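Visitor: My questions will all concern the structure given below.
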Amino acid sequence: MLQFRRFTIAFSSFLNVLLLFLIFFEDRVQLPVLLQVSGRMHPLILHFPLTLLFTAIFLEYLSTRPRFRHPSVQGITWCVFYLFALSAATTALFGFFLYEEGTYLGREVTLHKWFGVAVSLLSVAILLVKSRALPATYYVTLGLCAGSLVAAGHFGAEVTHGKGFLTEPLLNRTRTAVQIENADSAVVFRDVIQPIFNEKCLNCHNANRAKGDLILSDYESMMDGGEHRDGLVPGKAEKSLLYKYISLPMEDSLHMPPKDKLQLDREEIRLIGWWINSGADPNVKYVTLPKTDSIQPIMLARFHPKTGLDLLNIPFVDYDEIEGLNNPYRTVQQISATQPYVAVFLGSKKDFTSKDIEELAPVSRQVVSIDLGNSEVKDNDLKNLEPFTHLQKLYLQNTGIGDEGVKHLKEFKYLETLNLSGTKITSQTVEQISKWKDLKKLYLYNTAVPETSLATLKGSHPDLEIFSTAIDLSDSVYNAALTPPVVKIDSSFFRNSALVDVKLSRGKVKYFYTLDGKDPNTESMVYDEAFRIDHSATLRIIATMNGWKDSKVVEFPLMKLGKRPYVIKLESKPDPKHSGKLDSALVDGLSGGFSRGDKEYLGYIDNDFQVLLDMGRDTELSEVTISYLEDGANGAFAPESIELWTGSDKERLSMVASQSSALPSMERAAGKGVIVLKFPRQTARYIRVKAKRFKTLPEWNKNHGKGKPEFFVDEVSLN
Amino acid sequence: MSNEFLRHSLNINRRTFLSSASIGIGSLALGSLLVPDLFSGKSDEDEMLPPGVTHFAPKAKRVIYLFQSGAPSQLELFDYKPMLHKMGGQELPPSVRNGQRLTGMTASQKSFPLIPSFTSFQQHGQNGTWLGELLPFTSKIVDDICIIRSMNTEAINHDPAVSFFQTGSQQPGRPSMGSWLSYGLGSENKNLPAFCVLLSRSKGDIQPLASRNWGNGFLDSIHQGVHLQSGHDPVLYLQNPPGTDKASRGKMLDHIAALNHMQEEQFGDPEITARIAQYEMAYRMQTSVPDVMNFSDEPESSFKLYGADSLQPGTFAANCLLARRLSERGVRFIQLYHMGWDAHSDLPERTRVFTKSVDQASAALVQDLKNRGMLDETLVIWGGEFGRTNYCQGTFKDGNYGRDHHPRCFTIWMAGGGVKPGIVYGETDELGYNIVKDPVHVHDFQATVLNLFGYDHEKLIYKHQGRRYRLTDVSGHVVKGILA
């Protein structure tokens, strides 16, 4: 223990002497690289003396309590003091090494240095006076040491974190943009360039901590240009190191600001480059810049000038008071947290009364926007708008407001937007508005204002934007055909009747339909409400409207299911792959889908279709309906011809009806079809249906010349 | 949430306190535990602004989001790549793909031949913006829109990608963008939902869309998107049942509200408050919804502008027109979905049909809003959930091909609402695979939209299950380059 004590005192004294020596010859010291590294460890090891001293003081206090008055506590206290002395001297020495690098300058650094030295010296003094001198001397030394340590720590923190770091939250200072009353008085350097440096560079390049000797806190130091003196070369951004470094790619080790720091954005880099190139003049004013310069808008966006209403400093209204003005038909909201302005929405309000506006009196100074669009506001109600002198936007679109109403609107000094589209105003109103000077946007779409008075208004107000575009209908695309009708049919195979329900269009669209297979036109039957069909037919329907092209015809095959045959005999065999339910598929009342793979179909690919239906006994019949699939892309079509043979003796049937059809001239989407064969009412027991397929595929089919048309049938119905 | 607890604890008056004295002390202690900020003077809610009050002055008031579900191909419509014509049929260089994961649909493909677009491109507008020939109407409004060619997302399949766009998370359960804005801004017209959803689709096999994409997540259910149907009954179960008149329905609702208030005083469950508000709104919607849906006051010129489809309820064009009507009446967020763009095969035909059904109406909407003076304050967004690959899915045959999902780059456009008009933002490489300039991540996009509404996306938060949630999750930067 004694040995350790001696060693400590000797070694710390040595370090302190070395420290004093170095400080004395500060200007002649040349640091080897290795010591620079140890210098940079200063911020790390400085925490040791700090903690150790206060631990020692705490132990010293403990040992005065009766419970802890024990030699071991005193031993520990001594030990901590030894470590403190060692670490304090080391820290001070390392601190000096860091200081020697020269990146830290200024008053705070000097103060930090001397307080640090004081701590180091006092740490040895404590060891010397602790057991020998009077307790008073000891306590004074201890107190001085602790005081110096706190002071050194405080100034050290100001060096690294910036001045006032500690008290910042208390003083509640927030960085605010320079308030410029007017963009005209803005100085480019003071109001744009310097704030960029302040925000993103000053942490390392300030008077206290000039890394690379570069100080960016004011114009003069900036022009000194740092250690190479060429940080800023007026007129030559590409030669200025500052601009070079900030415009290097992120990956480059020389890129500034360093990777983990807040980066400059593209616009800021551009602004700095532009400013250097333009001569780096500290006094050039924004207004003197050429207006066409592309830098203009970027710069303007960086000013926060107070203009218009902001100059009035209107007070905020309490949120609760605003909330109290809200009801289901009126929304009153403060627009943003940063400004006191209030927007009112009274749109779509029915039964408009003058109270709706009058009640807003408590916020009359704050209201900048009132929306009365689509409401039942009347001309007289506009009289109540008078107190709202700060209105910037007034929406009256699609209301019954006419010239009389607008007369009640006096000139609002701040009014920028007036929406009168869809109102009943005429050229009279335009005449009145032409006296208002500050209006910026005027909406007159869908009004009866003639072009001539608009032209006059434009002439007297070149800056006023007028929106009145009537849609140009001459464009050919507007003559596009109507959308085909959307029809819902509850069941395309039905026993009694099917309900046809068309989803009605908006506007004046009319629907016409036929049931006899002919193309519908405006002479055909009119659809006005859902109706029922009680017989087999093909419903063909179109949508028409004056001034528009008719829609495409939409077809819906409808089949009334009838009497069931006793025996069904397929006299020709369907393709084995498409013979799902065999004969029963024809009379099961189930409709197949739009795909050949559906099991409801019997597919005839190589053979023609022929079936013999036996009713069991003579039955009265007058109609036979056949339902089939048309899927032209895959080769399924209606048959070329179909024949119906009936009779009471199956060996001697006679043909009662036949029908032939044509191939569609172009490809159509897959769909279903029905063939209705009518014949004079008669009694018969046997019915034979023969359907002949087409011989060749139409030209538009991809297998034209190779494959053959097919016939897919899913149902035969007898009535 | 603690607000509701606070309100509830205020509801306990002396009488109820004394009558339940046995648990009174305990609940008092519990109450102070649950509302720790009661005496601290500062709380999260201090930073929370009342509905409608934004962090800074907003530029946009309303959104119409034309979501192209299924992902349209940027290479056919917006992103002109002449290099693909030169290199058509050649392999996608592995250095370009750089090991990016592919969907299960093309991952097993042995070859990735580059495929040029079947459409031709022309320059339009003052800046000579290249647009595909299938967009004749959008070409006309190109000076009013801002085209972002450098969108990119993290998701690779439809549902997660749509969720990511709408809620900021690929996993379901977060509130939709519209819900967030409804939560932040409140509704302007209290007789209509602040967040409306309109669906349109084409025939055939279509990727489904889950209704949670317009769900409120953990926000109050009042912020949920309301789906307006195209049929006879736009909002299901809104009209009175046959035989019930408006007066007696109103009386019934008053009594239900009284009962609900009693429950709310007792339990303080915010869902009860939400339910009361919804009943009241539904009652008012019985008149306001038919008013929006009654198109008889719409001039024929509107239908001509939006195209013939706009006459037929349920089509994309009709929904665009309806969106304008809703927006006119103060609905904050109108979300359209047009479903079915997913062209893994038959891309040319599908793209032709779909583009035809959306091009005119989308352009008409922008033009119409502009005419009516609404474009300044209405943000229109057009785009899908990701892009499509520059290589062929399957084999190229008879001019027919497909493209797989491509999250690395795609195009959307925005118009109005404080977005810079007439510009193109971002750039992709010559092959249209990677972004080379100004990438815009989905979270960046969301941050930008919130910014247009005056919100700092890092501050519009909701505390739920011990975590503060935001639309942009933990990332996102405002894209300053597209702000006017």
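Following the order of the structure tokens, chains are lettered A, B, ..., residues in each are numbered from 1, and ligands are numbered from 1.
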Considering only strand (DSSP E or B) as DSSP defines it on the backbone, what residues of region 336-441 of chain A qualify? List them as a VMD selection string.
Guide: chain A and resid 336 339 to 345 367 to 371 393 to 395 417 to 419 441
Visitor: With N, CA and C atoms kept, could you save the residues just selected as a PDB file, in the first residue's frame?
Guide:
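After the write, selection_15.pdb holds the following:
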```
ATOM      1  N   SER A 336     -54.294  25.727 -39.609  1.00  0.00           N
ATOM      2  CA  SER A 336     -53.080  25.054 -39.188  1.00  0.00           C
ATOM      3  C   SER A 336     -52.663  25.560 -37.816  1.00  0.00           C
ATOM      4  N   GLN A 339     -50.873  29.154 -37.785  1.00  0.00           N
ATOM      5  CA  GLN A 339     -51.539  30.396 -38.149  1.00  0.00           C
ATOM      6  C   GLN A 339     -52.940  30.434 -37.539  1.00  0.00           C
ATOM      7  N   PRO A 340     -53.454  31.632 -37.266  1.00  0.00           N
ATOM      8  CA  PRO A 340     -54.736  31.719 -36.562  1.00  0.00           C
ATOM      9  C   PRO A 340     -55.947  31.566 -37.491  1.00  0.00           C
ATOM     10  N   TYR A 341     -55.729  31.392 -38.788  1.00  0.00           N
ATOM     11  CA  TYR A 341     -56.836  31.490 -39.744  1.00  0.00           C
ATOM     12  C   TYR A 341     -57.792  30.310 -39.661  1.00  0.00           C
ATOM     13  N   VAL A 342     -59.031  30.625 -40.006  1.00  0.00           N
ATOM     14  CA  VAL A 342     -60.115  29.665 -39.842  1.00  0.00           C
ATOM     15  C   VAL A 342     -60.840  29.504 -41.172  1.00  0.00           C
ATOM     16  N   ALA A 343     -61.205  28.250 -41.493  1.00  0.00           N
ATOM     17  CA  ALA A 343     -61.980  27.980 -42.696  1.00  0.00           C
ATOM     18  C   ALA A 343     -63.368  27.502 -42.293  1.00  0.00           C
ATOM     19  N   VAL A 344     -64.372  27.940 -43.041  1.00  0.00           N
ATOM     20  CA  VAL A 344     -65.751  27.561 -42.740  1.00  0.00           C
ATOM     21  C   VAL A 344     -66.313  26.789 -43.924  1.00  0.00           C
ATOM     22  N   PHE A 345     -66.930  25.649 -43.625  1.00  0.00           N
ATOM     23  CA  PHE A 345     -67.578  24.867 -44.677  1.00  0.00           C
ATOM     24  C   PHE A 345     -69.068  24.816 -44.404  1.00  0.00           C
ATOM     25  N   VAL A 367     -61.660  34.303 -40.032  1.00  0.00           N
ATOM     26  CA  VAL A 367     -62.164  33.528 -41.172  1.00  0.00           C
ATOM     27  C   VAL A 367     -61.524  34.016 -42.471  1.00  0.00           C
ATOM     28  N   VAL A 368     -60.861  33.095 -43.185  1.00  0.00           N
ATOM     29  CA  VAL A 368     -60.271  33.463 -44.472  1.00  0.00           C
ATOM     30  C   VAL A 368     -60.931  32.722 -45.626  1.00  0.00           C
ATOM     31  N   SER A 369     -61.737  31.712 -45.299  1.00  0.00           N
ATOM     32  CA  SER A 369     -62.325  30.918 -46.377  1.00  0.00           C
ATOM     33  C   SER A 369     -63.739  30.492 -45.985  1.00  0.00           C
ATOM     34  N   ILE A 370     -64.697  30.753 -46.865  1.00  0.00           N
ATOM     35  CA  ILE A 370     -66.066  30.281 -46.626  1.00  0.00           C
ATOM     36  C   ILE A 370     -66.521  29.509 -47.853  1.00  0.00           C
ATOM     37  N   ASP A 371     -66.948  28.286 -47.639  1.00  0.00           N
ATOM     38  CA  ASP A 371     -67.424  27.436 -48.732  1.00  0.00           C
ATOM     39  C   ASP A 371     -68.934  27.296 -48.631  1.00  0.00           C
ATOM     40  N   LYS A 393     -60.827  33.394 -49.659  1.00  0.00           N
ATOM     41  CA  LYS A 393     -61.470  32.481 -50.602  1.00  0.00           C
ATOM     42  C   LYS A 393     -62.962  32.430 -50.329  1.00  0.00           C
ATOM     43  N   LEU A 394     -63.739  32.585 -51.382  1.00  0.00           N
ATOM     44  CA  LEU A 394     -65.179  32.500 -51.240  1.00  0.00           C
ATOM     45  C   LEU A 394     -65.719  31.570 -52.328  1.00  0.00           C
ATOM     46  N   TYR A 395     -66.397  30.519 -51.876  1.00  0.00           N
ATOM     47  CA  TYR A 395     -66.910  29.526 -52.815  1.00  0.00           C
ATOM     48  C   TYR A 395     -68.427  29.625 -52.875  1.00  0.00           C
ATOM     49  N   THR A 417     -59.588  34.317 -54.275  1.00  0.00           N
ATOM     50  CA  THR A 417     -60.288  33.309 -55.061  1.00  0.00           C
ATOM     51  C   THR A 417     -61.796  33.503 -54.918  1.00  0.00           C
ATOM     52  N   LEU A 418     -62.468  33.586 -56.047  1.00  0.00           N
ATOM     53  CA  LEU A 418     -63.925  33.678 -56.015  1.00  0.00           C
ATOM     54  C   LEU A 418     -64.477  32.647 -56.982  1.00  0.00           C
ATOM     55  N   ASN A 419     -65.238  31.709 -56.450  1.00  0.00           N
ATOM     56  CA  ASN A 419     -65.786  30.658 -57.308  1.00  0.00           C
ATOM     57  C   ASN A 419     -67.264  30.905 -57.551  1.00  0.00           C
ATOM     58  N   LYS A 441     -57.963  34.648 -58.731  1.00  0.00           N
ATOM     59  CA  LYS A 441     -58.585  33.548 -59.471  1.00  0.00           C
ATOM     60  C   LYS A 441     -60.094  33.722 -59.472  1.00  0.00           C
TER      61      LYS A 441
END
```
Visitor: Please, which residues of chain A lie no more than 8 Å from chain B when the count uses only C-alpha atoms, and can they be set out as JSON, numbers by chain?
Guide: {"A": [319, 328, 329, 330, 331, 333, 334, 335, 336, 337, 338, 339, 345, 346, 347, 348, 373, 374, 419, 421, 443, 444, 445, 467, 468, 469, 471, 473, 478, 480, 481, 482, 483, 503, 504, 505, 506, 507, 509]}
Visitor: Could you please take those selected residues and save N, CA and C atoms as a short mmCIF file (atom, residue, chain, number, x, y, z; two decimals), in the first residue's frame?
Guide:
```
data_model
loop_
_atom_site.label_atom_id
_atom_site.label_comp_id
_atom_site.auth_asym_id
_atom_site.auth_seq_id
_atom_site.Cartn_x
_atom_site.Cartn_y
_atom_site.Cartn_z
N TYR A 319 -59.37 26.89 -29.26
CA TYR A 319 -59.91 25.73 -29.98
C TYR A 319 -61.34 25.41 -29.53
N PRO A 328 -73.72 19.75 -37.18
CA PRO A 328 -73.70 18.78 -38.28
C PRO A 328 -73.68 19.41 -39.66
N TYR A 329 -74.08 20.67 -39.78
CA TYR A 329 -74.15 21.26 -41.10
C TYR A 329 -73.11 22.36 -41.32
N ARG A 330 -72.31 22.61 -40.29
CA ARG A 330 -71.31 23.66 -40.45
C ARG A 330 -70.01 23.19 -39.82
N THR A 331 -68.96 23.21 -40.60
CA THR A 331 -67.65 22.83 -40.08
C THR A 331 -66.78 24.07 -40.01
N GLN A 333 -62.98 25.19 -38.80
CA GLN A 333 -61.70 24.63 -38.37
C GLN A 333 -60.60 25.65 -38.53
N GLN A 334 -59.73 25.70 -37.54
CA GLN A 334 -58.51 26.47 -37.71
C GLN A 334 -57.66 25.72 -38.72
N ILE A 335 -57.08 26.43 -39.67
CA ILE A 335 -56.44 25.72 -40.78
C ILE A 335 -55.17 25.02 -40.35
N SER A 336 -54.29 25.73 -39.61
CA SER A 336 -53.08 25.05 -39.19
C SER A 336 -52.66 25.56 -37.82
N ALA A 337 -51.77 24.81 -37.19
CA ALA A 337 -51.37 25.15 -35.83
C ALA A 337 -50.53 26.41 -35.80
N THR A 338 -49.93 26.74 -36.96
CA THR A 338 -48.99 27.86 -36.97
C THR A 338 -49.66 29.20 -37.27
N GLN A 339 -50.87 29.15 -37.79
CA GLN A 339 -51.54 30.40 -38.15
C GLN A 339 -52.94 30.43 -37.54
N PHE A 345 -66.93 25.65 -43.63
CA PHE A 345 -67.58 24.87 -44.68
C PHE A 345 -69.07 24.82 -44.40
N LEU A 346 -69.84 25.38 -45.32
CA LEU A 346 -71.30 25.33 -45.20
C LEU A 346 -71.88 24.70 -46.46
N GLY A 347 -71.01 23.97 -47.18
CA GLY A 347 -71.41 23.40 -48.46
C GLY A 347 -72.59 22.46 -48.32
N SER A 348 -73.40 22.37 -49.38
CA SER A 348 -74.54 21.46 -49.46
C SER A 348 -75.60 21.72 -48.39
N GLY A 373 -70.63 26.25 -51.43
CA GLY A 373 -70.92 25.51 -52.66
C GLY A 373 -72.06 24.52 -52.51
N ASN A 374 -72.88 24.39 -53.55
CA ASN A 374 -73.99 23.43 -53.60
C ASN A 374 -75.02 23.63 -52.50
N ASN A 419 -65.24 31.71 -56.45
CA ASN A 419 -65.79 30.66 -57.31
C ASN A 419 -67.26 30.91 -57.55
N SER A 421 -68.74 29.42 -60.39
CA SER A 421 -69.14 28.52 -61.47
C SER A 421 -70.48 27.87 -61.14
N TYR A 443 -63.61 31.89 -61.03
CA TYR A 443 -64.15 30.70 -61.69
C TYR A 443 -65.55 31.00 -62.20
N LEU A 444 -65.69 30.92 -63.52
CA LEU A 444 -66.97 31.26 -64.13
C LEU A 444 -67.47 30.13 -65.02
N TYR A 445 -66.94 28.95 -64.82
CA TYR A 445 -67.34 27.78 -65.62
C TYR A 445 -68.84 27.55 -65.49
N PHE A 467 -61.20 30.98 -65.05
CA PHE A 467 -61.48 29.60 -65.45
C PHE A 467 -62.90 29.53 -65.96
N SER A 468 -63.03 29.36 -67.25
CA SER A 468 -64.38 29.32 -67.81
C SER A 468 -64.47 28.34 -68.96
N THR A 469 -63.45 27.49 -69.10
CA THR A 469 -63.37 26.61 -70.25
C THR A 469 -64.67 25.83 -70.44
N ILE A 471 -66.32 22.84 -72.47
CA ILE A 471 -65.69 21.67 -73.06
C ILE A 471 -65.91 21.67 -74.57
N LEU A 473 -66.75 20.08 -77.68
CA LEU A 473 -67.41 18.82 -78.01
C LEU A 473 -67.15 18.40 -79.45
N TYR A 478 -65.67 12.28 -78.52
CA TYR A 478 -66.87 12.42 -77.69
C TYR A 478 -68.07 11.73 -78.30
N ALA A 480 -68.17 8.74 -79.00
CA ALA A 480 -68.01 7.32 -78.72
C ALA A 480 -69.36 6.69 -78.43
N ALA A 481 -69.48 5.41 -78.74
CA ALA A 481 -70.75 4.72 -78.55
C ALA A 481 -71.05 4.57 -77.07
N LEU A 482 -72.33 4.48 -76.78
CA LEU A 482 -72.75 4.26 -75.39
C LEU A 482 -72.30 2.88 -74.92
N THR A 483 -72.20 2.75 -73.62
CA THR A 483 -71.83 1.47 -73.03
C THR A 483 -72.97 0.47 -73.23
N LYS A 503 -79.86 -2.59 -65.70
CA LYS A 503 -79.28 -1.60 -64.77
C LYS A 503 -79.29 -0.25 -65.47
N LEU A 504 -80.12 0.67 -64.99
CA LEU A 504 -80.36 1.91 -65.72
C LEU A 504 -79.15 2.84 -65.66
N SER A 505 -78.96 3.53 -66.77
CA SER A 505 -77.89 4.51 -66.84
C SER A 505 -78.35 5.83 -66.28
N ARG A 506 -77.38 6.72 -66.10
CA ARG A 506 -77.70 8.09 -65.74
C ARG A 506 -77.99 8.86 -67.01
N GLY A 507 -78.48 10.08 -66.88
CA GLY A 507 -78.76 10.86 -68.06
C GLY A 507 -80.02 10.37 -68.76
N VAL A 509 -80.52 8.12 -71.20
CA VAL A 509 -80.31 6.92 -72.01
C VAL A 509 -81.62 6.12 -72.07
#
```
Visitor: Using backbone DSSP assignments, extract all alpha helix (DSSP H) residues from region 164-363 of chain B; output them as a PyMOL selection string.
Guide: chain B and resi 164-167+177-185+246-267+270-293+300-306+316-328+347-363
Visitor: Could you tell me how far CA of Val358 (chain B) sits from CA of Phe333 (chain B), in Å to one decimal place?
Guide: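 These atoms are spaced 19.5 Å apart.
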Visitor: Can you pull out every residue within 10 Å of region 204-209 of chain B, counting only C-alpha atoms, but drop anything in the same chain fewer than 6 positions away, and send it as a VMD selection string?
Guide: chain B and resid 69 to 70 158 to 159 162 to 163 337 339 to 342
Visitor: Fewer than 3 positions away in the same chain doesn't count, so skip those; otherwise give me all residues within 10 Å of Pro698 (chain A), counting only C-alpha atoms, as a ChimeraX atom specification.
Guide: /A:632,635,663-667,694-695,701-705,708-709
Visitor: Output N, CA and C atoms of each residue in that selection to a file, as a short mmCIF file (atom, residue, chain, number, x, y, z; two decimals), in the first residue's frame.
Guide:
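Done, and the output landed in out_11.cif:
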```
data_model
loop_
_atom_site.label_atom_id
_atom_site.label_comp_id
_atom_site.auth_asym_id
_atom_site.auth_seq_id
_atom_site.Cartn_x
_atom_site.Cartn_y
_atom_site.Cartn_z
N GLY A 632 -66.39 -18.92 -80.75
CA GLY A 632 -65.76 -18.89 -82.07
C GLY A 632 -64.25 -19.08 -82.03
N GLY A 635 -63.68 -22.63 -81.89
CA GLY A 635 -64.28 -23.45 -82.94
C GLY A 635 -65.70 -23.91 -82.69
N LEU A 663 -72.24 -18.18 -90.34
CA LEU A 663 -71.11 -18.00 -89.42
C LEU A 663 -70.95 -16.51 -89.11
N PRO A 664 -70.62 -16.17 -87.90
CA PRO A 664 -70.37 -14.75 -87.59
C PRO A 664 -69.20 -14.23 -88.41
N SER A 665 -69.33 -12.96 -88.85
CA SER A 665 -68.32 -12.43 -89.77
C SER A 665 -67.04 -12.01 -89.03
N MET A 666 -67.11 -11.86 -87.71
CA MET A 666 -65.90 -11.52 -86.96
C MET A 666 -65.94 -12.20 -85.60
N GLU A 667 -64.79 -12.22 -84.97
CA GLU A 667 -64.71 -12.91 -83.69
C GLU A 667 -65.58 -12.21 -82.65
N PHE A 694 -71.12 -26.71 -89.72
CA PHE A 694 -70.49 -26.04 -90.86
C PHE A 694 -69.31 -26.87 -91.35
N LYS A 695 -68.94 -26.64 -92.61
CA LYS A 695 -67.86 -27.44 -93.18
C LYS A 695 -66.48 -26.84 -92.87
N ASN A 701 -60.72 -17.25 -87.84
CA ASN A 701 -60.32 -18.23 -86.82
C ASN A 701 -58.88 -18.67 -87.05
N LYS A 702 -58.16 -18.85 -85.94
CA LYS A 702 -56.73 -19.14 -86.07
C LYS A 702 -56.48 -20.50 -86.71
N ASN A 703 -57.48 -21.41 -86.67
CA ASN A 703 -57.29 -22.73 -87.27
C ASN A 703 -57.94 -22.83 -88.65
N HIS A 704 -58.22 -21.66 -89.23
CA HIS A 704 -58.86 -21.65 -90.54
C HIS A 704 -58.05 -22.49 -91.53
N GLY A 705 -58.76 -23.40 -92.22
CA GLY A 705 -58.07 -24.26 -93.19
C GLY A 705 -57.59 -25.56 -92.58
N LYS A 708 -62.17 -28.06 -87.98
CA LYS A 708 -63.56 -28.02 -88.45
C LYS A 708 -64.44 -27.43 -87.36
N PRO A 709 -65.50 -26.74 -87.74
CA PRO A 709 -66.40 -26.19 -86.73
C PRO A 709 -67.06 -27.30 -85.91
#
```
Visitor: Would you pick out the contacts of region 590-601 of chain A at 12 Å or less, using only C-alpha atoms, so that residues sharing its chain but fewer than 2 positions from it are not included, and give the list as a PyMOL selection string?
Guide: (chain A and resi 491-495+557-561+574-588+603-605+626-637+669-674+710-717) or (chain B and resi 204)
Visitor: Excluding Asp473 (chain B) and any residue of its chain fewer than 2 positions from it, enumerate the residues within 12 Å of it, using only C-alpha atoms, and give them as a PyMOL selection string.
Guide: chain B and resi 164-165+167-171+174-175+442-444+446-447+457-462+467-471+475-477
Visitor: Write out, as a PDB file, in the first residue's frame, the residues just selected, with C-alpha atoms.
Guide:
```pdb
ATOM      1  CA  PHE B 164     -48.282  -1.255 -48.239  1.00  0.00           C
ATOM      2  CA  PHE B 165     -49.510   1.624 -50.385  1.00  0.00           C
ATOM      3  CA  THR B 167     -51.548   1.511 -44.885  1.00  0.00           C
ATOM      4  CA  GLY B 168     -47.763   1.780 -44.914  1.00  0.00           C
ATOM      5  CA  SER B 169     -47.358  -1.825 -43.864  1.00  0.00           C
ATOM      6  CA  GLN B 170     -47.394  -5.060 -45.841  1.00  0.00           C
ATOM      7  CA  GLN B 171     -49.054  -6.859 -42.964  1.00  0.00           C
ATOM      8  CA  ARG B 174     -52.996  -0.773 -39.950  1.00  0.00           C
ATOM      9  CA  PRO B 175     -55.323   2.107 -40.797  1.00  0.00           C
ATOM     10  CA  VAL B 442     -43.862   4.311 -50.992  1.00  0.00           C
ATOM     11  CA  HIS B 443     -43.216   5.841 -47.572  1.00  0.00           C
ATOM     12  CA  ASP B 444     -41.773   8.930 -49.279  1.00  0.00           C
ATOM     13  CA  GLN B 446     -47.075   8.892 -48.189  1.00  0.00           C
ATOM     14  CA  ALA B 447     -44.958  11.452 -46.350  1.00  0.00           C
ATOM     15  CA  HIS B 457     -45.715  12.592 -41.176  1.00  0.00           C
ATOM     16  CA  GLU B 458     -43.562  11.959 -38.122  1.00  0.00           C
ATOM     17  CA  LYS B 459     -46.032  13.731 -35.889  1.00  0.00           C
ATOM     18  CA  LEU B 460     -49.363  12.416 -37.128  1.00  0.00           C
ATOM     19  CA  ILE B 461     -49.323   9.488 -34.749  1.00  0.00           C
ATOM     20  CA  TYR B 462     -51.642   7.238 -32.824  1.00  0.00           C
ATOM     21  CA  ARG B 467     -46.402   1.978 -29.554  1.00  0.00           C
ATOM     22  CA  ARG B 468     -46.772   5.148 -31.498  1.00  0.00           C
ATOM     23  CA  TYR B 469     -47.899   4.329 -35.020  1.00  0.00           C
ATOM     24  CA  ARG B 470     -47.711   6.455 -38.117  1.00  0.00           C
ATOM     25  CA  LEU B 471     -48.664   6.003 -41.741  1.00  0.00           C
ATOM     26  CA  SER B 475     -39.208   5.948 -42.540  1.00  0.00           C
ATOM     27  CA  GLY B 476     -40.196   8.286 -45.345  1.00  0.00           C
ATOM     28  CA  HIS B 477     -38.955  11.639 -46.595  1.00  0.00           C
TER      29      HIS B 477
END
```
